[in-house]
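So this block is final_29.cif, mmCIF, C-alpha atoms (C1' of nucleotides):
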data_final
#
loop_
_atom_site.group_PDB
_atom_site.id
_atom_site.type_symbol
_atom_site.label_atom_id
_atom_site.label_comp_id
_atom_site.auth_asym_id
_atom_site.auth_seq_id
_atom_site.Cartn_x
_atom_site.Cartn_y
_atom_site.Cartn_z
ATOM 1 C CA MET A 1 -0.691 3.229 10.540
ATOM 2 C CA PRO A 2 0.328 2.592 6.962
ATOM 3 C CA ARG A 3 -2.129 0.966 4.720
ATOM 4 C CA THR A 4 -4.442 -1.831 5.626
ATOM 5 C CA PRO A 5 -2.786 -5.064 6.586
ATOM 6 C CA ILE A 6 -2.528 -6.967 3.386
ATOM 7 C CA THR A 7 -3.804 -10.130 4.901
ATOM 8 C CA SER A 8 -7.468 -10.597 4.281
ATOM 9 C CA ASP A 9 -7.774 -7.410 2.341
ATOM 10 C CA VAL A 10 -8.362 -8.120 -1.294
ATOM 11 C CA PHE A 11 -8.210 -4.488 -2.294
ATOM 12 C CA THR A 12 -4.719 -4.135 -0.981
ATOM 13 C CA ALA A 13 -3.676 -7.467 -2.346
ATOM 14 C CA ILE A 14 -4.484 -6.507 -5.903
ATOM 15 C CA ALA A 15 -2.907 -3.109 -5.554
ATOM 16 C CA GLU A 16 0.456 -4.603 -6.314
ATOM 17 C CA PRO A 17 1.196 -4.653 -10.049
ATOM 18 C CA ARG A 18 3.134 -7.863 -9.940
ATOM 19 C CA ARG A 19 0.434 -9.513 -7.975
ATOM 20 C CA ARG A 20 -1.995 -8.475 -10.636
ATOM 21 C CA GLN A 21 0.297 -9.954 -13.232
ATOM 22 C CA ILE A 22 0.257 -13.224 -11.408
ATOM 23 C CA ILE A 23 -3.497 -13.118 -11.194
ATOM 24 C CA GLU A 24 -3.822 -12.427 -14.890
ATOM 25 C CA LEU A 25 -1.424 -15.192 -15.677
ATOM 26 C CA LEU A 26 -3.260 -17.663 -13.511
ATOM 27 C CA SER A 27 -6.447 -16.618 -15.146
ATOM 28 C CA ARG A 28 -5.180 -17.404 -18.612
ATOM 29 C CA LYS A 29 -3.361 -20.578 -17.883
ATOM 30 C CA ARG A 30 -5.474 -22.840 -15.844
ATOM 31 C CA SER A 31 -3.064 -23.646 -13.090
ATOM 32 C CA LEU A 32 0.625 -23.093 -12.827
ATOM 33 C CA ALA A 33 3.569 -24.184 -10.787
ATOM 34 C CA VAL A 34 5.717 -21.514 -9.208
ATOM 35 C CA GLY A 35 8.508 -22.247 -11.597
ATOM 36 C CA ALA A 36 6.320 -21.539 -14.557
ATOM 37 C CA ILE A 37 5.281 -18.218 -13.116
ATOM 38 C CA VAL A 38 8.863 -17.328 -12.428
ATOM 39 C CA LEU A 39 9.813 -18.107 -15.990
ATOM 40 C CA THR A 40 6.895 -16.311 -17.525
ATOM 41 C CA LEU A 41 7.137 -13.137 -15.521
ATOM 42 C CA GLY A 42 10.897 -13.109 -15.307
ATOM 43 C CA LEU A 43 10.922 -12.308 -11.635
ATOM 44 C CA PRO A 44 13.169 -13.764 -8.975
ATOM 45 C CA GLN A 45 11.724 -16.881 -7.448
ATOM 46 C CA PRO A 46 11.599 -15.534 -3.889
ATOM 47 C CA VAL A 47 9.701 -12.512 -5.066
ATOM 48 C CA VAL A 48 7.134 -14.652 -6.781
ATOM 49 C CA SER A 49 6.833 -16.946 -3.800
ATOM 50 C CA LYS A 50 6.262 -14.003 -1.541
ATOM 51 C CA HIS A 51 3.581 -12.497 -3.693
ATOM 52 C CA LEU A 52 1.949 -15.870 -3.969
ATOM 53 C CA GLY A 53 2.060 -16.027 -0.225
ATOM 54 C CA VAL A 54 0.103 -12.819 0.022
ATOM 55 C CA LEU A 55 -2.432 -13.919 -2.534
ATOM 56 C CA ARG A 56 -2.727 -17.172 -0.681
ATOM 57 C CA GLU A 57 -3.403 -15.504 2.635
ATOM 58 C CA VAL A 58 -6.106 -13.410 1.147
ATOM 59 C CA GLY A 59 -7.544 -16.444 -0.517
ATOM 60 C CA ILE A 60 -7.135 -15.233 -4.055
ATOM 61 C CA VAL A 61 -5.145 -18.303 -4.963
ATOM 62 C CA SER A 62 -4.899 -21.787 -3.623
ATOM 63 C CA VAL A 63 -2.135 -24.317 -3.842
ATOM 64 C CA SER A 64 -1.926 -28.014 -4.273
ATOM 65 C CA LYS A 65 1.210 -30.017 -3.958
ATOM 66 C CA GLN A 66 2.110 -32.010 -6.977
ATOM 67 C CA GLY A 67 5.278 -33.833 -6.482
ATOM 68 C CA GLN A 68 7.926 -31.296 -5.734
ATOM 69 C CA HIS A 69 5.899 -28.623 -7.401
ATOM 70 C CA ARG A 70 3.347 -26.291 -5.971
ATOM 71 C CA VAL A 71 0.586 -25.760 -8.421
ATOM 72 C CA TYR A 72 -1.337 -22.556 -7.960
ATOM 73 C CA GLU A 73 -4.844 -21.876 -9.024
ATOM 74 C CA LEU A 74 -6.886 -18.716 -9.042
ATOM 75 C CA ASN A 75 -9.974 -18.411 -6.891
ATOM 76 C CA HIS A 76 -11.843 -16.011 -9.062
ATOM 77 C CA ASP A 77 -14.685 -15.648 -6.648
ATOM 78 C CA ARG A 78 -12.440 -13.846 -4.199
ATOM 79 C CA LEU A 79 -12.245 -10.961 -6.589
ATOM 80 C CA ARG A 80 -15.938 -10.596 -6.656
ATOM 81 C CA PRO A 81 -16.300 -8.238 -3.691
ATOM 82 C CA VAL A 82 -14.072 -5.752 -5.436
ATOM 83 C CA TYR A 83 -16.022 -6.137 -8.599
ATOM 84 C CA ASP A 84 -19.267 -5.616 -6.761
ATOM 85 C CA TRP A 85 -17.959 -2.536 -5.082
ATOM 86 C CA LEU A 86 -17.063 -1.050 -8.427
ATOM 87 C CA LYS A 87 -20.232 -2.152 -10.049
ATOM 88 C CA ALA A 88 -22.075 0.440 -8.041
ATOM 89 C CA PHE A 89 -20.431 3.093 -10.145
ATOM 90 C CA GLU A 90 -21.015 1.398 -13.432
ATOM 91 C CA GLN A 91 -24.160 3.341 -14.221
ATOM 92 C CA HIS A 92 -22.292 6.580 -14.090
ATOM 93 C CA TRP A 93 -20.038 5.812 -16.980
ATOM 94 C CA THR A 94 -22.658 3.898 -18.832
ATOM 95 C CA HIS A 95 -24.907 6.884 -19.139
ATOM 96 C CA GLN A 96 -21.996 9.124 -19.762
ATOM 97 C CA LEU A 97 -23.837 11.675 -21.831
ATOM 98 C CA ASP A 98 -26.767 11.997 -19.511
ATOM 99 C CA ARG A 99 -24.315 12.471 -16.781
ATOM 100 C CA ILE A 100 -22.574 15.344 -18.402
ATOM 101 C CA ARG A 101 -25.831 17.098 -18.917
ATOM 102 C CA GLU A 102 -26.976 16.463 -15.393
ATOM 103 C CA ARG A 103 -23.761 17.671 -14.003
ATOM 104 C CA ALA A 104 -24.032 20.911 -15.889
ATOM 105 C CA GLU A 105 -27.482 21.460 -14.516
ATOM 106 C CA ARG A 106 -26.481 20.662 -11.016
ATOM 107 C CA ARG A 107 -23.561 22.952 -11.244
ATOM 108 C CA ALA A 108 -25.810 25.772 -12.250
ATOM 109 C CA VAL A 109 -28.083 25.102 -9.321
ATOM 110 C CA ALA A 110 -25.222 24.781 -6.926
ATOM 111 C CA ALA A 111 -23.932 28.144 -7.984
ATOM 112 C CA SER A 112 -27.014 29.827 -6.670
ATOM 113 C CA LYS A 113 -27.412 28.086 -3.354
ATOM 114 C CA ILE A 114 -23.910 27.829 -2.042
ATOM 115 C CA SER A 115 -24.217 29.564 1.221
ATOM 116 C CA SER A 116 -27.449 29.494 3.106
ATOM 117 C CA SER A 117 -28.904 32.651 1.689
ATOM 118 C CA SER A 118 -26.199 34.467 -0.177
ATOM 119 C CA THR A 119 -27.555 35.246 -3.599
ATOM 120 C CA ARG A 120 -24.329 36.082 -5.272
ATOM 121 C CA LYS A 121 -22.792 33.883 -7.868
ATOM 122 C CA LYS A 122 -19.336 32.431 -7.850
ATOM 123 C CA GLY A 123 -17.113 31.330 -10.654
ATOM 124 C CA SER A 124 -18.385 28.131 -12.058
ATOM 125 C CA THR A 125 -16.171 25.153 -12.854
ATOM 126 C CA MET B 1 11.090 -0.555 -3.677
ATOM 127 C CA PRO B 2 8.026 -0.487 -1.497
ATOM 128 C CA ARG B 3 4.676 -0.433 -3.025
ATOM 129 C CA THR B 4 3.602 1.396 -6.109
ATOM 130 C CA PRO B 5 3.649 5.167 -5.984
ATOM 131 C CA ILE B 6 0.125 6.123 -5.162
ATOM 132 C CA THR B 7 0.048 8.924 -7.633
ATOM 133 C CA SER B 8 -1.544 7.854 -10.854
ATOM 134 C CA ASP B 9 -2.257 4.404 -9.595
ATOM 135 C CA VAL B 10 -5.936 3.946 -9.080
ATOM 136 C CA PHE B 11 -5.559 0.472 -7.682
ATOM 137 C CA THR B 12 -3.416 1.676 -4.850
ATOM 138 C CA ALA B 13 -5.562 4.697 -4.289
ATOM 139 C CA ILE B 14 -8.662 2.655 -3.630
ATOM 140 C CA ALA B 15 -6.822 0.206 -1.447
ATOM 141 C CA GLU B 16 -7.240 2.531 1.503
ATOM 142 C CA PRO B 17 -10.499 1.872 3.360
ATOM 143 C CA ARG B 18 -11.050 5.487 4.277
ATOM 144 C CA ARG B 19 -10.445 6.543 0.778
ATOM 145 C CA ARG B 20 -13.065 4.104 -0.309
ATOM 146 C CA GLN B 21 -15.414 5.572 2.244
ATOM 147 C CA ILE B 22 -14.877 8.977 0.781
ATOM 148 C CA ILE B 23 -15.524 7.646 -2.678
ATOM 149 C CA GLU B 24 -18.728 5.981 -1.580
ATOM 150 C CA LEU B 25 -19.846 9.104 0.138
ATOM 151 C CA LEU B 26 -19.138 11.255 -2.864
ATOM 152 C CA SER B 27 -21.009 8.796 -4.968
ATOM 153 C CA ARG B 28 -24.143 9.065 -2.891
ATOM 154 C CA LYS B 29 -24.131 12.754 -2.296
ATOM 155 C CA ARG B 30 -23.500 14.568 -5.465
ATOM 156 C CA SER B 31 -20.740 16.838 -4.372
ATOM 157 C CA LEU B 32 -19.469 17.660 -0.946
ATOM 158 C CA ALA B 33 -17.300 20.181 0.789
ATOM 159 C CA VAL B 34 -14.454 18.905 2.889
ATOM 160 C CA GLY B 35 -16.238 19.926 6.035
ATOM 161 C CA ALA B 36 -19.212 17.780 5.194
ATOM 162 C CA ILE B 37 -16.996 14.797 4.618
ATOM 163 C CA VAL B 38 -15.219 15.412 7.884
ATOM 164 C CA LEU B 39 -18.525 15.540 9.727
ATOM 165 C CA THR B 40 -19.979 12.523 8.028
ATOM 166 C CA LEU B 41 -17.004 10.253 8.397
ATOM 167 C CA GLY B 42 -15.949 11.580 11.753
ATOM 168 C CA LEU B 43 -12.321 11.792 10.776
ATOM 169 C CA PRO B 44 -9.871 14.570 11.580
ATOM 170 C CA GLN B 45 -9.883 17.253 8.969
ATOM 171 C CA PRO B 46 -6.211 16.916 8.025
ATOM 172 C CA VAL B 47 -6.676 13.225 7.485
ATOM 173 C CA VAL B 48 -9.568 13.825 5.155
ATOM 174 C CA SER B 49 -7.706 16.516 3.311
ATOM 175 C CA LYS B 50 -4.770 14.258 2.822
ATOM 176 C CA HIS B 51 -6.830 11.424 1.482
ATOM 177 C CA LEU B 52 -8.624 13.826 -0.792
ATOM 178 C CA GLY B 53 -5.234 14.945 -1.954
ATOM 179 C CA VAL B 54 -4.363 11.440 -2.995
ATOM 180 C CA LEU B 55 -7.652 10.912 -4.754
ATOM 181 C CA ARG B 56 -7.144 14.219 -6.456
ATOM 182 C CA GLU B 57 -3.717 13.323 -7.734
ATOM 183 C CA VAL B 58 -4.994 10.111 -9.182
ATOM 184 C CA GLY B 59 -7.888 11.947 -10.708
ATOM 185 C CA ILE B 60 -10.601 10.096 -8.871
ATOM 186 C CA VAL B 61 -12.002 13.326 -7.549
ATOM 187 C CA SER B 62 -11.920 16.903 -8.651
ATOM 188 C CA VAL B 63 -12.356 20.096 -6.731
ATOM 189 C CA SER B 64 -13.952 23.405 -7.343
ATOM 190 C CA LYS B 65 -13.635 26.398 -5.121
ATOM 191 C CA GLN B 66 -16.866 27.710 -3.856
ATOM 192 C CA GLY B 67 -16.325 30.580 -1.567
ATOM 193 C CA GLN B 68 -14.159 29.393 1.218
ATOM 194 C CA HIS B 69 -15.236 25.856 0.611
ATOM 195 C CA ARG B 70 -13.701 23.230 -1.548
ATOM 196 C CA VAL B 71 -16.376 21.183 -3.129
ATOM 197 C CA TYR B 72 -15.319 17.744 -4.195
ATOM 198 C CA GLU B 73 -16.875 15.655 -6.849
ATOM 199 C CA LEU B 74 -16.282 12.089 -7.912
ATOM 200 C CA ASN B 75 -14.934 11.267 -11.341
ATOM 201 C CA HIS B 76 -16.526 7.915 -11.712
ATOM 202 C CA ASP B 77 -14.858 7.221 -14.995
ATOM 203 C CA ARG B 78 -11.501 6.986 -13.295
ATOM 204 C CA LEU B 79 -12.651 3.839 -11.603
ATOM 205 C CA ARG B 80 -13.451 2.220 -14.837
ATOM 206 C CA PRO B 81 -10.034 0.714 -15.548
ATOM 207 C CA VAL B 82 -10.251 -1.201 -12.312
ATOM 208 C CA TYR B 83 -13.718 -2.319 -13.158
ATOM 209 C CA ASP B 84 -12.619 -3.432 -16.579
ATOM 210 C CA TRP B 85 -9.753 -5.349 -15.150
ATOM 211 C CA LEU B 86 -12.072 -7.248 -12.866
ATOM 212 C CA LYS B 87 -14.658 -7.734 -15.512
ATOM 213 C CA ALA B 88 -12.382 -10.204 -17.192
ATOM 214 C CA PHE B 89 -13.003 -12.588 -14.328
ATOM 215 C CA GLU B 90 -16.707 -12.088 -14.230
ATOM 216 C CA GLN B 91 -17.515 -15.123 -16.308
ATOM 217 C CA HIS B 92 -15.829 -17.374 -13.842
ATOM 218 C CA TRP B 93 -18.178 -16.638 -11.020
ATOM 219 C CA THR B 94 -21.146 -16.317 -13.289
ATOM 220 C CA HIS B 95 -20.869 -19.893 -14.409
ATOM 221 C CA GLN B 96 -20.037 -21.032 -10.963
ATOM 222 C CA LEU B 97 -21.407 -24.499 -11.364
ATOM 223 C CA ASP B 98 -19.814 -25.189 -14.681
ATOM 224 C CA ARG B 99 -16.641 -24.032 -13.158
ATOM 225 C CA ILE B 100 -16.746 -26.468 -10.339
ATOM 226 C CA ARG B 101 -17.303 -29.286 -12.718
ATOM 227 C CA GLU B 102 -14.575 -28.152 -15.041
ATOM 228 C CA ARG B 103 -12.201 -27.781 -12.216
ATOM 229 C CA ALA B 104 -12.783 -31.307 -11.114
ATOM 230 C CA GLU B 105 -12.058 -32.559 -14.584
ATOM 231 C CA ARG B 106 -8.978 -30.510 -14.921
ATOM 232 C CA ARG B 107 -7.735 -31.686 -11.622
ATOM 233 C CA ALA B 108 -7.977 -35.239 -12.793
ATOM 234 C CA VAL B 109 -6.051 -34.406 -15.920
ATOM 235 C CA ALA B 110 -3.473 -32.415 -14.046
ATOM 236 C CA ALA B 111 -2.707 -35.449 -12.000
ATOM 237 C CA SER B 112 -1.106 -37.024 -15.027
ATOM 238 C CA LYS B 113 0.694 -34.096 -16.603
ATOM 239 C CA ILE B 114 2.305 -31.535 -14.395
ATOM 240 C CA SER B 115 2.368 -27.972 -15.678
ATOM 241 C CA SER B 116 5.928 -26.703 -15.717
ATOM 242 C CA SER B 117 8.783 -28.295 -17.526
ATOM 243 C CA SER B 118 9.470 -31.690 -16.049
ATOM 244 C CA THR B 119 6.811 -33.862 -17.524
ATOM 245 C CA ARG B 120 8.392 -37.074 -16.563
ATOM 246 C CA LYS B 121 6.619 -38.351 -13.536
ATOM 247 C CA LYS B 122 3.409 -37.389 -11.930
ATOM 248 C CA GLY B 123 2.564 -36.310 -8.472
ATOM 249 C CA SER B 124 0.934 -38.407 -5.816
ATOM 250 C CA THR B 125 -1.667 -35.847 -4.649
ATOM 251 C "C1'" DT C 1 22.247 -41.337 2.087
ATOM 252 C "C1'" DT C 2 23.570 -37.977 -0.928
ATOM 253 C "C1'" DG C 3 22.498 -34.787 -4.406
ATOM 254 C "C1'" DA C 4 19.642 -32.199 -7.584
ATOM 255 C "C1'" DC C 5 15.485 -29.598 -7.978
ATOM 256 C "C1'" DA C 6 11.436 -26.671 -6.483
ATOM 257 C "C1'" DT C 7 9.651 -23.570 -3.362
ATOM 258 C "C1'" DA C 8 9.188 -21.146 1.071
ATOM 259 C "C1'" DT C 9 11.113 -18.426 4.657
ATOM 260 C "C1'" DT C 10 14.175 -15.351 7.070
ATOM 261 C "C1'" DC C 11 16.954 -11.337 7.576
ATOM 262 C "C1'" DC C 12 18.141 -6.882 6.139
ATOM 263 C "C1'" DG C 13 17.764 -2.196 4.185
ATOM 264 C "C1'" DT C 14 15.211 1.329 2.033
ATOM 265 C "C1'" DA C 15 11.327 3.757 0.950
ATOM 266 C "C1'" DA C 16 6.931 5.283 1.591
ATOM 267 C "C1'" DT C 17 2.447 5.154 4.000
ATOM 268 C "C1'" DG C 18 -0.894 7.206 7.155
ATOM 269 C "C1'" DG C 19 -2.092 9.464 11.414
ATOM 270 C "C1'" DG C 20 -1.449 13.428 14.784
ATOM 271 C "C1'" DA C 21 -0.359 18.010 15.948
ATOM 272 C "C1'" DA C 22 0.752 22.309 14.634
ATOM 273 C "C1'" DT C 23 0.809 25.635 11.247
ATOM 274 C "C1'" DA C 24 0.137 27.901 6.789
ATOM 275 C "C1'" DT C 25 -2.980 29.620 3.293
ATOM 276 C "C1'" DA C 26 -7.144 31.312 1.535
ATOM 277 C "C1'" DT C 27 -11.595 33.583 1.923
ATOM 278 C "C1'" DT C 28 -15.452 35.928 3.990
ATOM 279 C "C1'" DC C 29 -17.204 39.150 7.271
ATOM 280 C "C1'" DA C 30 -17.337 43.031 10.579
ATOM 281 C "C1'" DT D 1 -7.421 45.756 8.945
ATOM 282 C "C1'" DG D 2 -8.279 42.007 11.771
ATOM 283 C "C1'" DA D 3 -11.068 38.092 13.510
ATOM 284 C "C1'" DA D 4 -13.296 33.785 12.044
ATOM 285 C "C1'" DT D 5 -13.915 29.968 9.193
ATOM 286 C "C1'" DA D 6 -12.460 26.268 5.799
ATOM 287 C "C1'" DT D 7 -8.972 23.636 3.983
ATOM 288 C "C1'" DA D 8 -4.233 22.384 2.769
ATOM 289 C "C1'" DT D 9 0.414 21.535 4.081
ATOM 290 C "C1'" DT D 10 4.349 20.427 6.885
ATOM 291 C "C1'" DC D 11 6.882 17.874 10.291
ATOM 292 C "C1'" DC D 12 7.479 13.872 12.913
ATOM 293 C "C1'" DC D 13 7.010 9.048 13.934
ATOM 294 C "C1'" DA D 14 5.715 4.251 14.075
ATOM 295 C "C1'" DT D 15 4.619 0.796 10.892
ATOM 296 C "C1'" DT D 16 4.807 -1.698 7.042
ATOM 297 C "C1'" DA D 17 5.723 -3.144 2.207
ATOM 298 C "C1'" DC D 18 8.981 -5.012 -1.214
ATOM 299 C "C1'" DG D 19 13.038 -6.548 -3.025
ATOM 300 C "C1'" DG D 20 17.551 -9.023 -2.622
ATOM 301 C "C1'" DA D 21 20.495 -12.434 -0.860
ATOM 302 C "C1'" DA D 22 21.045 -16.259 1.688
ATOM 303 C "C1'" DT D 23 19.174 -20.116 3.682
ATOM 304 C "C1'" DA D 24 15.770 -23.542 5.126
ATOM 305 C "C1'" DT D 25 12.417 -27.044 3.893
ATOM 306 C "C1'" DG D 26 10.613 -30.507 1.025
ATOM 307 C "C1'" DT D 27 10.648 -33.885 -2.658
ATOM 308 C "C1'" DC D 28 12.395 -36.981 -5.986
ATOM 309 C "C1'" DA D 29 16.210 -39.774 -8.138
ATOM 310 C "C1'" DA D 30 20.231 -42.722 -7.988
#
What is this file in structure tokens?
Amino acid sequence: MPRTPITSDVFTAIAEPRRRQIIELLSRKRSLAVGAIVLTLGLPQPVVSKHLGVLREVGIVSVSKQGQHRVYELNHDRLRPVYDWLKAFEQHWTHQLDRIRERAERRAVAASKISSSSTRKKGST
Amino acid sequence: MPRTPITSDVFTAIAEPRRRQIIELLSRKRSLAVGAIVLTLGLPQPVVSKHLGVLREVGIVSVSKQGQHRVYELNHDRLRPVYDWLKAFEQHWTHQLDRIRERAERRAVAASKISSSSTRKKGST
DNA sequence: TTGACATATTCCGTAATGGGAATATATTCA
DNA sequence: TGAATATATTCCCATTACGGAATATGTCAA
């Protein structure tokens, strides 16, 4: 079972570099028609349309018809779950220094209580 | 050219749900041996080892031999690029209300000047 | 209607994923 | 040395992703 079905999985959706490019682009420019994206990124139109399709399914972007154009817009809020997931780790790199110290300590402790009662020491790090 | 090579691509690495589980687990518990992860997540050992292998390659986790165990530890900092990427969108959902208003305005404007190239006529919504 | 654009969809091929089962590789212990 | 334990690796397979080319669908203009 390869990967998670892209549909409805934001994590997988943003795993694609080109899809991220599109997202970034849509974030800068307010809204863009497919043609504009094609021109800007220099990708074949079908490729862009397909990636937009994925982003659409996941809800990361939404479309509105404007004449013969399809104008895409980014739904920033859809990215929030990913952000929130990552936010949980934020503290760890914020208190970088503390962390290094703590880790050293923990490592020392771990070295002495590896097995249940074995009191020998192993190579550290 | 399917997908991005997992190696060295953090985005792809965290796209896998089980891999995320492992990351979460390693974030809670300080460091864990493979066996502990296997028990906790209830996954087959080879599966866990393989996922750990991926995370290892990307640098999200690091190992240290401790007797016959392999103790894994999370390198939180590796997740930071993803976090930073998402952070750029943070403002948009922070000022949710403003955004809604702005969007409405923009939509009105957009109705008279399409994005791309042809700026001749306007769409009929 | 026909024709020019703009975009989506389909079909195809290749490559790579992820799980399962079996096996290989340590490492510790008796 | 040889079991026993812990983990990694290999092989195989079904599934899927992505890109490319061609084509379908939709929309506007004359």
Original post:
So which residues get picked by the PyMOL selection byres ((chain C) within 7 of (chain B)) here, written as a list in words?
Top reply: DA15, DA16 and DT27 of chain C
Please produce a file of the residues just selected, as a short mmCIF file (atom, residue, chain, number, x, y, z; two decimals), in the coordinates of the input, where the atoms kept are C-alpha atoms (C1' of nucleotides).
data_model
loop_
_atom_site.label_atom_id
_atom_site.label_comp_id
_atom_site.auth_asym_id
_atom_site.auth_seq_id
_atom_site.Cartn_x
_atom_site.Cartn_y
_atom_site.Cartn_z
"C1'" DA C 15 11.33 3.76 0.95
"C1'" DA C 16 6.93 5.28 1.59
"C1'" DT C 27 -11.60 33.58 1.92
#
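In this structure, the chain A residues at most 7 Å away from chain B are A:Arg3, A:Thr4, A:Phe11, A:Thr12, A:Ala15, A:Glu16, A:Leu32, A:Ala33, A:Gly35, A:Ala36, A:Lys65, A:Gln66, A:Gly67, A:His76, A:Asp77, A:Tyr83, A:Leu86, A:Phe89, A:His92, A:Trp93, A:Lys122, A:Thr125, with only C-alpha atoms considered.
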**OP:** Report as a list of chain:residue names the residues that result from applying the PyMOL selection byres ((chain D and resi 20) around 12) to the structure here.
**Re:**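 Here the PyMOL selection byres ((chain D and resi 20) around 12) matches A:Leu43, A:Pro44, A:Gln45, A:Pro46, A:Val47, B:Met1, C:DC11, C:DC12, C:DG13, C:DT14, D:DC18, D:DG19, D:DA21, D:DA22.
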Original post:
Using all atoms listed in the file, which chain D residues lie at most 7 Å away from chain A, written as a PyMOL selection string?
Top reply: chain D and resi 15-16+27
**OP:** Find, counting only C-alpha atoms (C1' of nucleotides), the residue in D:DA14, D:DA24, D:DA30, D:DA8 that gets nearest to DA4 (chain C).
**Re:**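 Result for the nearest residue to DA4 (chain C): D:DA30.
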Original post:
At what distance in Å, to one decimal, does CA of Ser62 (chain A) lie from C1' of DG26 (chain D)?
Top reply: 18.4 Å
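One distance worth recording is that between CA of Arg19 (chain A) and CA of Leu55 (chain A), which is 7.6 Å.
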Original post:
Please, which residues are within 8 Å of (11.7, -24.4, 1.0) by the file's coordinates, counting all atoms listed in the file, and could they come as a PyMOL selection string?
Top reply: (chain C and resi 6-9) or (chain D and resi 24-26)
Around all of region 4-7 of chain C's listed atoms, make the axis-aligned box with 3 Å on each side and tell me centre and edge lengths in Å to one decimal, as AutoDock Vina command-line options.
--center_x 14.6 --center_y -27.9 --center_z -5.7 --size_x 16.0 --size_y 14.6 --size_z 10.6
Original post:
What is the distance between CA of Ser8 (chain A) and CA of Arg56 (chain A), in Å to one decimal?
Top reply: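 Pair CA of Ser8 (chain A) / CA of Arg56 (chain A) returns 9.5 Å.
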**OP:** Return as a PyMOL selection string the set of residues that the PyMOL selection byres ((chain C and resi 30) around 10) yields on the displayed structure.
**Re:** (chain C and resi 28-29) or (chain D and resi 2-3)
